[in-house]
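To start, the structure itself, in structure tokens.
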Amino acid sequence: MKKKIIIISLIILIIGLCFYLLIIKDKNGFYTIKGDNIIRIEEVVGKRKLAKKKISYKNGLLNKTYKYKDIKDPYTDLSIYIRELKNKSKFLVTKNYDLNKEKDTITLSRYSNKKEYIIIMTIEYNKDSYTINIVKGKGKIVTP
């Protein structure tokens, strides 16, 4: 009986480790979400202070949130980063935004490597911080 419990525990541990490595863990220089890699903002604009990272999985959607704080010029960072996402990572702006506003929300989307899935990136910013939220799920992209 004890052997059975140990074997089951090991199997659960191995499955959990595989889930973490394949689905949740970010690769160097990228936000990784279920097999899709998105270049990290730090790779484009330089080192920034990551204050909080949150991962959740609900109703078949993997959601990753990264909060950066103590940013000197978030408007310039985001202008450069969005240009990179659009030009090299095939993201489309799916909600209009204005970097001249003190705070706003930017929404970008692209198709996943698995075409029936989309990746939605929402960036909320204010005068000294930004939060990047990435979700992957089934859907179609609609642009403004």
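Simple scheme: letters A, B, ... for chains in structure tokens order, numbers from 1 for residues in each chain, numbers from 1 for ligands in the order shown.
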Q | DSSP strand (DSSP E or B) residues within chain A, as a PyMOL selection string | A | chain A and resi 30-33+36-39+49-58+61-69+92-95+104-111+117-126+129-138
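The protein and nucleic acid residues lying at most 10 Å from Thr131 of chain A are Leu50, Ala51, Lys52, Lys53, Thr65, Tyr66, Lys67, Tyr68, Lys69, Thr105, Thr122, Ile123, Glu124, Tyr125, Asn126 and Ile134 of chain A, with only C-alpha atoms considered and sequence neighbours fewer than 3 positions away removed.
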Can I get the selection written as a tab-separated table (two decimals), in the first residue's frame, with C-alpha atoms?
```tsv
chain	number	residue	atom	x	y	z
A	50	LEU	CA	9.38	43.50	-12.05
A	51	ALA	CA	7.30	44.04	-8.91
A	52	LYS	CA	4.86	41.16	-9.25
A	53	LYS	CA	4.19	38.11	-11.42
A	65	THR	CA	0.33	39.09	-15.40
A	66	TYR	CA	3.58	41.05	-14.98
A	67	LYS	CA	3.58	44.32	-13.02
A	68	TYR	CA	6.52	46.66	-13.47
A	69	LYS	CA	7.02	49.68	-11.22
A	105	THR	CA	-5.02	50.60	-21.58
A	122	THR	CA	-3.40	44.02	-22.39
A	123	ILE	CA	-1.06	46.71	-21.10
A	124	GLU	CA	-2.30	49.13	-18.46
A	125	TYR	CA	0.00	52.03	-17.73
A	126	ASN	CA	0.27	55.20	-15.70
A	134	ILE	CA	-1.29	37.93	-21.45
```
Do a neighbour search on Ile55 of chain A at 8 Å with only C-alpha atoms, toss out local chain neighbours closer than 5 positions, and write the hits as a compact mmCIF listing (two decimals) with N, CA and C atoms, in the first residue's frame.
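This is the output file out.txt:
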```txt
# COMPACT_ATOMS: atom_id res chain seq x y z
N ILE A 24 4.00 26.85 -18.04
CA ILE A 24 4.03 28.04 -17.20
C ILE A 24 5.38 28.76 -17.22
N LEU A 62 -5.08 30.24 -19.83
CA LEU A 62 -3.89 30.53 -19.05
C LEU A 62 -3.70 32.04 -19.07
N ASN A 63 -3.55 32.63 -17.90
CA ASN A 63 -3.44 34.08 -17.77
C ASN A 63 -2.16 34.40 -17.00
N LYS A 64 -1.30 35.23 -17.60
CA LYS A 64 -0.07 35.64 -16.94
C LYS A 64 -0.05 37.16 -16.83
N THR A 65 0.30 37.65 -15.65
CA THR A 65 0.33 39.09 -15.40
C THR A 65 1.70 39.47 -14.84
```
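Coordinates place atom CA of Glu42 of chain A at a distance of 18.7 Å from atom CA of Thr107 of chain A.
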